[in-house]
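Visitor: To be precise about what I am sending: the file is called upload.cif and holds mmCIF, C-alpha atoms.
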```
data_run
loop_
_atom_site.label_atom_id
_atom_site.label_comp_id
_atom_site.auth_asym_id
_atom_site.auth_seq_id
_atom_site.Cartn_x
_atom_site.Cartn_y
_atom_site.Cartn_z
CA MET A 1 0.00 0.00 0.00
CA PHE A 2 1.35 3.41 -0.96
CA LEU A 3 1.48 5.72 2.06
CA TRP A 4 -0.03 9.16 1.73
CA GLY A 5 0.59 11.17 4.84
CA THR A 6 1.35 14.40 6.61
CA ALA A 7 4.30 15.08 8.89
CA THR A 8 4.96 17.09 12.06
CA ALA A 9 7.63 17.33 14.78
CA SER A 10 7.24 17.30 18.55
CA TYR A 11 8.76 20.65 19.53
CA GLN A 12 7.02 22.38 16.65
CA ILE A 13 3.48 21.37 17.63
CA GLU A 14 3.15 19.80 21.07
CA GLY A 15 3.57 22.63 23.56
CA ALA A 16 3.12 21.46 27.16
CA ALA A 17 6.83 22.16 27.53
CA ALA A 18 6.90 21.81 31.32
CA GLU A 19 4.00 19.40 31.86
CA ASP A 20 3.83 15.81 33.05
CA GLY A 21 7.51 15.38 33.77
CA ARG A 22 8.94 16.53 30.45
CA GLY A 23 12.56 17.63 30.69
CA THR A 24 14.20 20.60 29.02
CA SER A 25 15.36 20.31 25.41
CA ILE A 26 18.01 22.31 23.61
CA TRP A 27 15.22 24.11 21.79
CA ASP A 28 13.61 25.20 25.04
CA THR A 29 16.94 26.68 26.09
CA PHE A 30 17.75 28.21 22.71
CA ALA A 31 14.31 29.78 22.14
CA HIS A 32 14.34 31.41 25.57
CA GLU A 33 17.66 33.12 24.94
CA SER A 34 17.16 36.62 23.56
CA GLY A 35 17.77 37.12 19.86
CA ASN A 36 17.79 33.48 18.80
CA VAL A 37 14.23 33.21 17.48
CA ARG A 38 12.37 35.81 15.47
CA ASP A 39 10.04 37.95 17.58
CA GLY A 40 11.11 36.07 20.71
CA HIS A 41 8.77 33.18 19.95
CA THR A 42 9.11 29.86 21.77
CA GLY A 43 7.56 26.40 21.48
CA ASP A 44 6.15 26.53 25.02
CA VAL A 45 2.59 26.25 23.68
CA ALA A 46 3.05 25.85 19.90
CA CYS A 47 -0.12 24.20 18.52
CA ASP A 48 -1.03 22.71 21.92
CA HIS A 49 -1.11 19.31 20.21
CA TYR A 50 -0.32 17.64 23.54
CA HIS A 51 -3.86 18.49 24.63
CA ARG A 52 -5.53 18.68 21.21
CA TRP A 53 -4.11 15.55 19.59
CA SER A 54 -7.53 13.94 19.23
CA GLU A 55 -8.83 16.93 17.24
CA ASP A 56 -5.74 16.74 15.04
CA VAL A 57 -6.17 13.01 14.41
CA THR A 58 -9.76 13.71 13.38
CA LEU A 59 -8.46 16.29 10.88
CA MET A 60 -6.11 13.66 9.41
CA ALA A 61 -8.89 11.11 9.15
CA ASP A 62 -11.12 13.62 7.37
CA LEU A 63 -8.26 14.52 5.04
CA GLY A 64 -8.00 10.89 4.01
CA VAL A 65 -4.32 10.20 4.68
CA ASN A 66 -3.38 6.64 5.56
CA SER A 67 -0.20 7.49 7.47
CA TYR A 68 1.07 10.12 9.89
CA ARG A 69 4.72 10.88 10.51
CA PHE A 70 5.25 12.40 13.95
CA SER A 71 8.29 12.73 16.17
CA ILE A 72 8.62 11.68 19.76
CA SER A 73 9.97 14.23 22.24
CA TRP A 74 13.17 12.70 23.64
CA PRO A 75 13.05 14.85 26.84
CA ARG A 76 9.44 13.79 27.38
CA ILE A 77 10.65 10.18 27.61
CA HIS A 78 14.11 10.57 29.20
CA PRO A 79 13.93 14.00 30.89
CA ARG A 80 17.58 14.00 31.96
CA GLY A 81 18.94 12.14 28.96
CA ASP A 82 19.76 9.05 31.02
CA ARG A 83 17.83 5.79 31.35
CA GLU A 84 15.29 7.14 33.84
CA VAL A 85 11.89 6.88 32.12
CA ASN A 86 9.02 9.35 32.39
CA GLN A 87 5.98 7.10 32.16
CA ALA A 88 3.62 10.04 31.59
CA GLY A 89 5.50 10.83 28.39
CA LEU A 90 5.15 7.27 27.13
CA ASP A 91 1.47 7.37 28.05
CA PHE A 92 0.93 10.37 25.77
CA TYR A 93 2.34 8.59 22.73
CA ASP A 94 0.40 5.45 23.68
CA ARG A 95 -2.82 7.46 23.43
CA LEU A 96 -1.77 9.12 20.18
CA VAL A 97 -0.82 5.81 18.54
CA ASP A 98 -4.05 4.16 19.66
CA GLY A 99 -5.99 7.11 18.26
CA LEU A 100 -4.24 6.82 14.91
CA CYS A 101 -4.77 3.07 14.72
CA ALA A 102 -8.46 3.49 15.53
CA GLN A 103 -8.76 5.70 12.43
CA GLY A 104 -6.80 3.32 10.19
CA ILE A 105 -3.83 5.73 10.00
CA THR A 106 -0.41 4.05 9.99
CA PRO A 107 1.89 5.64 12.59
CA ALA A 108 5.43 6.50 11.45
CA ALA A 109 7.50 7.60 14.45
CA THR A 110 10.70 9.67 14.26
CA LEU A 111 13.01 9.34 17.27
CA PHE A 112 15.11 12.48 16.89
CA HIS A 113 13.78 15.64 15.27
CA TRP A 114 16.30 18.03 16.84
CA ASP A 115 14.96 18.32 20.42
CA LEU A 116 17.93 16.80 22.26
CA PRO A 117 17.61 16.72 26.05
CA GLN A 118 19.52 19.72 27.39
CA ALA A 119 21.24 17.42 29.88
CA LEU A 120 22.94 15.62 26.98
CA GLU A 121 23.97 18.89 25.36
CA ASP A 122 25.52 19.90 28.67
CA ARG A 123 27.76 16.85 28.26
CA GLY A 124 28.74 17.77 24.71
CA GLY A 125 25.65 16.94 22.67
CA TRP A 126 26.39 15.30 19.34
CA LEU A 127 30.07 16.17 19.68
CA ASN A 128 30.13 13.54 22.44
CA ARG A 129 30.19 9.92 21.25
CA ASP A 130 28.17 8.88 24.30
CA THR A 131 25.09 10.66 22.90
CA ALA A 132 24.86 7.97 20.22
CA HIS A 133 24.49 5.35 22.95
CA ARG A 134 21.87 7.42 24.74
CA LEU A 135 19.86 7.51 21.50
CA ALA A 136 19.94 3.71 21.51
CA ASP A 137 18.65 3.63 25.10
CA TYR A 138 15.82 5.97 24.11
CA ALA A 139 15.04 3.88 21.02
CA HIS A 140 14.76 0.81 23.23
CA THR A 141 12.43 2.55 25.69
CA VAL A 142 9.92 3.83 23.15
CA SER A 143 9.94 0.80 20.86
CA ALA A 144 9.42 -1.56 23.80
CA ARG A 145 6.19 0.34 24.45
CA LEU A 146 5.02 1.13 20.90
CA ALA A 147 6.55 -1.25 18.34
CA ASP A 148 3.53 -3.55 18.51
CA ARG A 149 1.45 -0.77 16.88
CA VAL A 150 4.02 1.47 15.15
CA PRO A 151 5.27 -0.34 12.02
CA ILE A 152 7.56 2.44 10.70
CA TRP A 153 10.45 3.97 12.66
CA ILE A 154 12.77 6.79 11.57
CA THR A 155 15.92 7.15 13.64
CA LEU A 156 17.04 10.68 12.70
CA ASN A 157 15.53 13.62 10.91
CA GLU A 158 17.89 15.60 8.67
CA PRO A 159 21.22 15.09 10.47
CA PHE A 160 22.86 17.39 7.88
CA ILE A 161 20.60 20.31 8.78
CA HIS A 162 21.02 19.70 12.51
CA MET A 163 24.80 19.56 12.19
CA VAL A 164 25.09 22.65 9.98
CA PHE A 165 22.53 24.95 11.58
CA GLY A 166 22.94 23.71 15.16
CA TYR A 167 26.68 23.07 15.41
CA ALA A 168 28.44 24.71 12.45
CA LEU A 169 26.54 28.00 12.03
CA GLY A 170 24.68 28.34 15.32
CA THR A 171 21.40 29.58 13.86
CA HIS A 172 19.51 26.63 15.38
CA ALA A 173 19.80 24.99 18.79
CA PRO A 174 22.20 24.36 20.42
CA GLY A 175 23.61 27.52 18.82
CA ARG A 176 27.25 26.49 18.44
CA ALA A 177 29.28 28.13 15.64
CA LEU A 178 32.04 25.60 15.07
CA PHE A 179 32.13 25.57 11.25
CA LEU A 180 34.11 22.52 10.07
CA ASP A 181 34.83 21.52 13.66
CA ALA A 182 31.16 20.45 13.74
CA LEU A 183 31.92 17.37 11.61
CA PRO A 184 32.06 14.96 14.59
CA ALA A 185 28.34 15.70 15.00
CA ALA A 186 27.80 14.03 11.63
CA HIS A 187 29.50 10.81 12.63
CA HIS A 188 27.99 10.61 16.10
CA GLN A 189 24.46 11.13 14.72
CA LEU A 190 25.05 8.38 12.18
CA LEU A 191 26.50 6.09 14.84
CA GLY A 192 23.41 6.82 16.92
CA HIS A 193 21.30 5.83 13.92
CA GLY A 194 23.06 2.49 13.72
CA LEU A 195 22.84 1.75 17.43
CA ALA A 196 19.18 2.85 17.53
CA THR A 197 18.45 0.60 14.54
CA GLN A 198 19.79 -2.37 16.51
CA ALA A 199 17.62 -1.45 19.51
CA LEU A 200 14.52 -1.01 17.34
CA ARG A 201 14.99 -4.36 15.61
CA ALA A 202 15.56 -6.10 18.95
CA ASN A 203 12.09 -4.90 19.99
CA GLY A 204 10.42 -6.10 16.79
CA ALA A 205 10.22 -2.83 14.84
CA GLY A 206 8.81 -3.55 11.38
CA ARG A 207 10.48 -1.00 9.12
CA VAL A 208 13.49 1.13 10.08
CA LEU A 209 14.51 4.22 8.09
CA VAL A 210 16.71 7.27 8.40
CA THR A 211 15.51 10.57 6.92
CA ASN A 212 18.02 12.77 5.12
CA ASN A 213 17.45 16.20 3.69
CA CYS A 214 18.63 15.88 0.09
CA THR A 215 19.05 18.43 -2.66
CA PRO A 216 20.00 18.34 -6.34
CA VAL A 217 23.18 20.40 -6.66
CA TRP A 218 23.66 22.65 -9.67
CA ALA A 219 26.92 24.32 -10.69
CA ALA A 220 26.53 28.05 -11.35
CA SER A 221 28.34 27.71 -14.70
CA ASP A 222 30.13 25.22 -16.94
CA ALA A 223 33.49 26.32 -15.56
CA GLU A 224 35.58 23.59 -14.00
CA ARG A 225 35.98 25.51 -10.72
CA ASP A 226 32.20 25.77 -10.34
CA ALA A 227 31.83 22.06 -11.12
CA ARG A 228 34.33 21.27 -8.36
CA ALA A 229 32.42 23.54 -5.99
CA ALA A 230 29.17 21.74 -6.82
CA ASP A 231 30.81 18.37 -6.25
CA ALA A 232 32.11 19.52 -2.85
CA TYR A 233 28.68 20.77 -1.81
CA ASP A 234 27.04 17.54 -2.97
CA THR A 235 29.57 15.62 -0.88
CA LEU A 236 28.79 17.62 2.26
CA HIS A 237 25.01 17.85 1.94
CA ASN A 238 24.07 14.55 0.33
CA ARG A 239 26.86 12.00 0.32
CA LEU A 240 28.20 12.58 3.85
CA PHE A 241 24.93 11.24 5.24
CA ASN A 242 23.84 8.79 2.52
CA ASP A 243 27.11 7.03 1.70
CA PRO A 244 27.87 5.63 5.18
CA VAL A 245 24.32 4.32 5.56
CA LEU A 246 24.02 2.82 2.06
CA LEU A 247 27.62 2.01 1.12
CA GLY A 248 29.38 1.63 4.47
CA SER A 249 31.98 4.30 3.74
CA TYR A 250 32.46 8.04 3.99
CA PRO A 251 32.99 10.11 0.85
CA ASP A 252 36.27 11.88 0.16
CA LEU A 253 36.32 15.04 2.30
CA SER A 254 39.69 16.31 1.08
CA ALA A 255 38.01 19.33 -0.55
CA PHE A 256 37.40 20.51 3.03
CA GLY A 257 40.95 19.84 4.17
CA VAL A 258 39.74 16.83 6.13
CA PRO A 259 41.50 13.62 5.07
CA ALA A 260 39.34 11.51 7.39
CA LEU A 261 36.91 11.92 10.26
CA ASP A 262 38.86 11.53 13.50
CA ALA A 263 35.70 10.46 15.31
CA VAL A 264 35.42 7.15 13.41
CA ARG A 265 36.47 4.04 15.34
CA ASP A 266 36.89 0.45 14.20
CA GLY A 267 33.52 -1.18 13.68
CA ASP A 268 31.53 2.07 13.51
CA LEU A 269 30.77 1.86 9.79
CA GLU A 270 29.47 -1.69 10.14
CA VAL A 271 27.05 -0.44 12.78
CA ILE A 272 25.99 2.52 10.62
CA ALA A 273 25.56 0.51 7.41
CA GLN A 274 23.08 -2.11 8.60
CA PRO A 275 20.44 -2.88 5.97
CA LEU A 276 17.53 -0.45 6.04
CA ASP A 277 13.91 -0.98 5.10
CA GLY A 278 13.76 2.43 3.46
CA LEU A 279 15.46 5.77 2.98
CA GLY A 280 13.50 8.83 4.02
CA VAL A 281 14.08 11.81 1.74
CA ASN A 282 13.03 15.36 2.56
CA TYR A 283 12.96 17.59 -0.52
CA TYR A 284 12.33 21.33 -0.68
CA ASN A 285 14.52 22.79 -3.43
CA PRO A 286 17.71 22.42 -5.48
CA THR A 287 20.91 24.22 -4.49
CA ARG A 288 23.06 26.21 -6.93
CA VAL A 289 26.67 26.87 -5.94
CA ALA A 290 29.79 28.50 -7.34
CA ALA A 291 33.47 28.56 -6.50
CA PRO A 292 34.42 31.32 -4.06
CA ALA A 293 35.96 34.48 -5.42
CA PRO A 294 39.75 34.59 -4.95
CA GLY A 295 40.56 35.71 -1.42
CA ALA A 296 36.98 35.39 -0.18
CA ASP A 297 36.57 34.36 3.45
CA THR A 298 34.31 31.31 3.38
CA GLY A 299 35.39 29.73 6.65
CA GLY A 300 37.23 27.03 4.76
CA LEU A 301 34.30 26.05 2.56
CA PRO A 302 35.15 25.47 -1.12
CA PHE A 303 31.83 26.83 -2.40
CA VAL A 304 29.40 29.74 -2.08
CA ASP A 305 25.63 29.77 -2.54
CA ALA A 306 24.88 31.23 -5.98
CA GLY A 307 21.09 31.18 -5.61
CA VAL A 308 18.52 29.51 -7.84
CA THR A 309 16.97 32.06 -10.20
CA GLY A 310 14.17 31.94 -12.72
CA HIS A 311 11.68 30.14 -10.48
CA PRO A 312 8.90 31.32 -8.18
CA THR A 313 9.71 31.36 -4.47
CA THR A 314 7.91 30.49 -1.25
CA ALA A 315 7.35 32.92 1.63
CA PHE A 316 10.65 31.60 2.98
CA GLY A 317 12.37 32.65 -0.26
CA TRP A 318 13.00 29.06 -1.29
CA PRO A 319 12.79 28.38 -5.06
CA VAL A 320 9.87 26.23 -6.20
CA VAL A 321 11.26 23.59 -8.58
CA PRO A 322 8.97 20.56 -8.68
CA ASP A 323 11.08 18.69 -11.23
CA GLY A 324 13.93 18.85 -8.75
CA LEU A 325 12.17 16.06 -6.87
CA ARG A 326 12.25 13.81 -9.93
CA GLU A 327 15.89 14.79 -10.54
CA LEU A 328 16.77 13.99 -6.93
CA LEU A 329 15.04 10.62 -6.81
CA THR A 330 16.38 9.40 -10.15
CA GLY A 331 19.83 10.69 -9.18
CA LEU A 332 19.78 8.67 -5.96
CA ARG A 333 18.90 5.55 -7.92
CA ALA A 334 21.66 6.22 -10.45
CA ARG A 335 24.22 6.80 -7.70
CA TYR A 336 23.37 3.92 -5.38
CA GLY A 337 21.74 1.35 -7.65
CA ASP A 338 20.80 -1.83 -5.83
CA ALA A 339 22.12 -0.36 -2.56
CA LEU A 340 19.20 2.09 -2.52
CA PRO A 341 16.31 0.71 -0.48
CA PRO A 342 12.70 1.76 -1.12
CA VAL A 343 12.35 5.54 -0.81
CA TYR A 344 9.81 7.45 1.24
CA VAL A 345 9.43 11.18 0.62
CA THR A 346 9.08 12.01 4.30
CA GLU A 347 8.70 15.80 3.87
CA ASN A 348 7.69 18.06 1.01
CA GLY A 349 5.82 21.32 1.34
CA CYS A 350 5.98 25.10 1.22
CA SER A 351 5.53 28.18 3.36
CA GLN A 352 3.02 30.84 2.35
CA ALA A 353 1.69 33.99 3.97
CA ASP A 354 -1.65 32.35 4.74
CA GLU A 355 -4.42 34.19 6.55
CA PRO A 356 -8.19 33.72 6.46
CA GLY A 357 -10.05 36.05 4.12
CA PRO A 358 -13.19 38.00 5.07
CA ASP A 359 -15.21 34.84 4.44
CA GLY A 360 -12.96 32.80 6.73
CA VAL A 361 -11.45 30.84 3.83
CA VAL A 362 -7.68 30.38 3.63
CA ASP A 363 -7.28 30.33 -0.14
CA ASP A 364 -3.70 29.04 -0.53
CA GLN A 365 -3.64 28.47 -4.28
CA GLY A 366 0.15 28.64 -4.32
CA ARG A 367 0.37 25.58 -2.06
CA ILE A 368 -2.09 23.70 -4.27
CA ALA A 369 0.10 24.40 -7.31
CA TYR A 370 3.18 23.39 -5.32
CA LEU A 371 1.75 20.05 -4.24
CA ASP A 372 0.25 19.30 -7.65
CA GLY A 373 3.62 19.90 -9.32
CA HIS A 374 5.56 17.81 -6.83
CA ILE A 375 3.13 14.89 -6.94
CA ALA A 376 3.51 14.94 -10.72
CA ALA A 377 7.30 14.88 -10.30
CA LEU A 378 6.95 11.97 -7.88
CA ARG A 379 4.89 10.08 -10.42
CA ALA A 380 7.52 10.80 -13.11
CA ALA A 381 10.32 9.42 -10.91
CA MET A 382 8.33 6.28 -10.25
CA ALA A 383 7.69 5.89 -13.97
CA GLU A 384 11.47 6.00 -14.43
CA GLY A 385 11.85 3.07 -12.07
CA VAL A 386 12.43 4.59 -8.63
CA ASP A 387 10.80 2.47 -5.90
CA VAL A 388 8.90 5.09 -3.90
CA ARG A 389 6.58 3.81 -1.17
CA GLY A 390 5.23 6.97 0.44
CA TYR A 391 4.77 10.75 0.28
CA TYR A 392 4.26 12.97 3.33
CA VAL A 393 3.22 16.62 3.10
CA TRP A 394 4.96 19.03 5.44
CA SER A 395 2.97 19.92 7.38
CA LEU A 396 -0.42 19.06 8.82
CA LEU A 397 -0.51 22.27 10.89
CA ASP A 398 1.00 25.71 10.82
CA ASN A 399 3.59 25.45 13.59
CA PHE A 400 6.72 26.74 15.28
CA GLU A 401 9.20 27.04 12.42
CA TRP A 402 12.42 26.93 14.40
CA ALA A 403 14.40 30.20 14.21
CA GLU A 404 11.52 31.82 12.30
CA GLY A 405 9.08 31.27 15.16
CA TYR A 406 5.47 31.46 14.01
CA ASN A 407 6.24 33.60 10.97
CA GLN A 408 6.36 30.82 8.35
CA ARG A 409 3.19 28.84 7.72
CA PHE A 410 3.64 25.39 6.15
CA GLY A 411 0.35 23.81 7.21
CA LEU A 412 -2.55 22.31 5.33
CA VAL A 413 -4.48 23.54 8.36
CA HIS A 414 -4.29 27.17 9.50
CA VAL A 415 -3.69 27.67 13.22
CA ASP A 416 -4.66 30.86 15.00
CA PHE A 417 -1.96 30.76 17.66
CA ALA A 418 -3.88 33.10 19.97
CA THR A 419 -6.96 30.88 20.11
CA GLN A 420 -5.63 27.55 18.74
CA LYS A 421 -8.50 27.48 16.27
CA ARG A 422 -7.79 25.11 13.38
CA THR A 423 -9.07 26.06 9.90
CA PRO A 424 -8.46 23.65 7.01
CA LYS A 425 -7.07 25.60 4.06
CA ALA A 426 -8.05 25.31 0.40
CA SER A 427 -5.02 23.01 -0.04
CA TYR A 428 -6.43 20.65 2.60
CA HIS A 429 -9.68 20.33 0.67
CA TRP A 430 -7.81 19.96 -2.63
CA LEU A 431 -5.65 17.18 -1.22
CA LYS A 432 -8.66 15.49 0.33
CA ASN A 433 -10.31 15.32 -3.10
CA ARG A 434 -7.06 14.20 -4.72
CA LEU A 435 -6.56 11.39 -2.23
CA ALA A 436 -10.15 10.26 -2.59
CA ALA A 437 -9.59 9.98 -6.36
CA GLU A 438 -6.26 8.16 -5.86
CA HIS A 439 -7.81 5.64 -3.50
CA HIS A 440 -10.78 5.13 -5.85
CA HIS A 441 -8.55 4.39 -8.82
CA GLY A 442 -5.99 2.46 -6.78
CA THR A 443 -3.06 4.40 -8.21
CA PRO A 444 0.07 4.96 -6.09
CA ALA A 445 0.78 8.59 -7.01
#
```
What would you get if you wrote out this structure as structure tokens?
Guide:
Amino acid sequence: MFLWGTATASYQIEGAAAEDGRGTSIWDTFAHESGNVRDGHTGDVACDHYHRWSEDVTLMADLGVNSYRFSISWPRIHPRGDREVNQAGLDFYDRLVDGLCAQGITPAATLFHWDLPQALEDRGGWLNRDTAHRLADYAHTVSARLADRVPIWITLNEPFIHMVFGYALGTHAPGRALFLDALPAAHHQLLGHGLATQALRANGAGRVLVTNNCTPVWAASDAERDARAADAYDTLHNRLFNDPVLLGSYPDLSAFGVPALDAVRDGDLEVIAQPLDGLGVNYYNPTRVAAPAPGADTGGLPFVDAGVTGHPTTAFGWPVVPDGLRELLTGLRARYGDALPPVYVTENGCSQADEPGPDGVVDDQGRIAYLDGHIAALRAAMAEGVDVRGYYVWSLLDNFEWAEGYNQRFGLVHVDFATQKRTPKASYHWLKNRLAAEHHHGTPA
């Protein structure tokens, strides 16, 4: 069965930040420090999904999706990052999973979507090898409780983005600006993926995936120096996180002056490269890069962002290139061949400046065009032989968009953050009709 779903993340929607024994996450700390998040917003309340989950599951059921990708809040389960378990946190996800199953919606649970317990960050976060082992403990705890009803597990969400924004640039939690010294956070996240995969399988998890943010990389010109820059960016963004999982080896990082990752120990790559049941791919846009100008200070990076031009943009300023999804998926198949497991598009969506009109309707025609174009690109990739098993729209709800606070709206459902009123947008109704037609005809995309 092809999975049509929507996706969310715990810190972005749950709220209830200090309720029922939940510990502090790095995002709680980061958002409460002045200047880190636009307009001083925090996820303390977010969409109040912790209390309104039943209403949100009803919205999914009415939409007609057959799967829901959510993330579990690590500090809600292990408040101090150790093995002490907060049963109230497990109880919440028990209720959510039962509610989904009652509606015939397949739960797909992500273990780590960036809300690391602050206690682990205090001990070094993902720069500390021990954090990988703590992820395995956490994976064991939640899968022991939920694996009988949750058939799909995702270990990590976008480790590239977390490493770059959280540890290299400091624009996301935990706010560390280490540049290339952030690279150990790549290896330790991937090691955590491998160890968590072992824990999940030991508890009978059905399908285990990792979700990587992937992008087609375009050189700014035909010049050889720009081609080398594009290859270096592709290595950092795509191959650094796909190669170890799928091929059991790291790509050549010499373009970054790094002959090898010092954090790698004997046996690590065997743990990381265990067979997967799927690769989660999050796609938003291609990336166009050029070689740096002579003498430019790029912090040691052998490329600069050249910007994608000639395409419409989202409210976030991201270029809208639906065919980039087909290019990405067919490119993954060409690169990895038989080593590529079935693919799940675990996030795809766009931000718009959505507000209800005088009639109360949120008429987000741009999002409808976006989704229509990307579903067509998905179908084209499948026609070219890519084994795609699912497509999840980001996101079900307008939510806390990390450093942008509540200023970027990605939802199929509009949320009035002052009242928590949910209003399905025009895109929600469009997708509902589209899914009804897909299910009627039995087509996968």
Visitor: The PyMOL selection byres ((chain A and resi 193-205) around 7) on the file shown: which residues, as a VMD selection string?
Guide: chain A and resid 133 135 to 136 139 to 140 143 to 144 147 151 155 to 156 189 to 192 206 to 208 271 to 272 274
Visitor: For this file, the PyMOL selection byres ((chain A and resi 252) around 10) selects which residues, as a list in words?
Guide: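 Going through the file, the PyMOL selection byres ((chain A and resi 252) around 10) ends up selecting Ala232, Thr235, Leu236, Arg239, Leu240, Ser249, Tyr250, Pro251, Leu253, Ser254, Ala255, Phe256, Val258, Pro259 and Ala260 of chain A.
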Visitor: Can you turn the PyMOL selection byres ((chain A and resi 44-53) around 10) into a concrete residue list for this file, as a ChimeraX atom specification?
Guide: /A:10-19,27-28,31-32,41-43,54-59,92-93,95-96,99-100,397-401,405-406,415-422
Visitor: Could you check the closest approach to Trp402 of chain A for each of A:Asp98, A:Asp91, A:Asp268, A:Asp115 and tell me which residue wins, using all atoms listed in the file?
Guide: A:Asp115
Visitor: Using 9 Å as the limit and counting only C-alpha atoms, can you tabulate each residue of segment 155-265 of chain A that touches segment 323-336 of chain A, with its shortest atom-to-atom distance in Å and the two atoms involved, as a tab-separated table?
Guide:
```
residue	atom	partner	partner_atom	distance
A:Cys214	CA	A:Leu328	CA	7.5
A:Thr215	CA	A:Leu328	CA	6.6
A:Pro216	CA	A:Leu328	CA	5.5
A:Asp243	CA	A:Tyr336	CA	8.6
A:Leu246	CA	A:Tyr336	CA	7.5
A:Leu247	CA	A:Tyr336	CA	8.0
```
Visitor: Name the closest residue to Pro342 of chain A among the candidates A:Pro174, A:Thr298, A:Gly390, A:Ser67; distances are taken between atoms, counting only C-alpha atoms.
Guide: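 Ranking A:Pro174, A:Thr298, A:Gly390, A:Ser67 by distance to Pro342 of chain A, first place goes to A:Gly390.
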Visitor: For Tyr138 of chain A, which of A:Ile26, A:Leu90, A:Val361, A:Ile152 is the closest residue, counting all atoms listed in the file?
Guide: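 The shortest atom-to-atom distance to Tyr138 of chain A comes from A:Leu90.
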Visitor: How would you write as a short mmCIF file (atom, residue, chain, number, x, y, z; two decimals) with C-alpha atoms, in the coordinates of the input the residues that get within 9 Å of (17.4, 4.5, 5.0) in the file's frame, counting all atoms listed in the file?
Guide:
```cif
data_model
loop_
_atom_site.label_atom_id
_atom_site.label_comp_id
_atom_site.auth_asym_id
_atom_site.auth_seq_id
_atom_site.Cartn_x
_atom_site.Cartn_y
_atom_site.Cartn_z
CA ILE A 154 12.77 6.79 11.57
CA VAL A 208 13.49 1.13 10.08
CA LEU A 209 14.51 4.22 8.09
CA VAL A 210 16.71 7.27 8.40
CA THR A 211 15.51 10.57 6.92
CA ASN A 212 18.02 12.77 5.12
CA ASN A 242 23.84 8.79 2.52
CA VAL A 245 24.32 4.32 5.56
CA LEU A 246 24.02 2.82 2.06
CA PRO A 275 20.44 -2.88 5.97
CA LEU A 276 17.53 -0.45 6.04
CA ASP A 277 13.91 -0.98 5.10
CA GLY A 278 13.76 2.43 3.46
CA LEU A 279 15.46 5.77 2.98
CA GLY A 280 13.50 8.83 4.02
CA VAL A 281 14.08 11.81 1.74
CA LEU A 340 19.20 2.09 -2.52
CA PRO A 341 16.31 0.71 -0.48
CA PRO A 342 12.70 1.76 -1.12
CA VAL A 343 12.35 5.54 -0.81
CA TYR A 344 9.81 7.45 1.24
#
```
Visitor: When distances are computed from only C-alpha atoms, which of A:Ala315, A:Ile72, A:Leu127, A:Ala88 shows the smallest separation from Ala108 of chain A?
Guide: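 Closest to Ala108 of chain A, using only C-alpha atoms: A:Ile72.
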Visitor: Would you compute the distance between atom CA of Ser73 of chain A and atom CA of Phe179 of chain A? Give it in Å to one decimal.
Guide: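 Taking atom CA of Ser73 of chain A as the start and atom CA of Phe179 of chain A as the end point, the length is 27.2 Å.
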Visitor: Please determine, counting only C-alpha atoms, which residue among A:Val386, A:Met60, A:Arg38, A:Val150 has the shortest atom-to-atom distance to Leu431 of chain A.
Guide: A:Met60
Visitor: I'd like the interatomic distance between atom CA of Asp94 of chain A and atom CA of Tyr392 of chain A, to a tenth of an Å.
Guide: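 Separation between atom CA of Asp94 of chain A and atom CA of Tyr392 of chain A: 22.0 Å.
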Visitor: Name the residues in contact with His113 of chain A at a cut-off of 7 Å, using all atoms listed in the file, excluding same-chain residues fewer than 6 positions from it; report them as a count of residues only.
Guide: 4
Visitor: For the atom pair atom CA of Pro424 of chain A and atom CA of Ala403 of chain A, what is the interatomic distance in Å to one decimal place?
Guide: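 Distance between the two atoms: 24.8 Å.
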Visitor: Hey, what's within 10 Å of Gly21 of chain A if we count all atoms listed in the file and toss same-chain stuff fewer than 6 positions away? As a list in words, please?
Guide: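 Here the qualifying residues turn out to be Pro75, Arg76, Ile77, His78, Pro79, Val85, Asn86, Gln87, Ala88 and Gly89 of chain A.
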Visitor: Show me, as an MDAnalysis selection string, the residues that have an atom within 12 Å of segment 61-63 of chain A when counting all atoms listed in the file, minus same-chain residues fewer than 3 positions from it.
Guide: chainID A and resid 4:6 54:58 66:68 99:106 393 396 412:413 424:436
Visitor: Pick the closest to Asp39 of chain A from A:Glu404, A:Glu158, A:Asp266, A:Asp222: which is it, counting all atoms listed in the file?
Guide: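 Residue with the minimum atom-to-atom distance to Asp39 of chain A: A:Glu404.
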Visitor: Can you pull out the residues contacting His187 of chain A? Cut-off 8 Å, using all atoms listed in the file, and skip same-chain residues under 4 positions away; I want them as a list of chain:residue names.
Guide: A:Leu183, A:Leu191, A:Leu261, A:Ala263, A:Val264
Visitor: Find the residues around His311 of chain A up to 9 Å (all atoms listed in the file counted), leave out those fewer than 6 positions away in its own chain, and share them as a PyMOL selection string.
Guide: chain A and resi 319-321
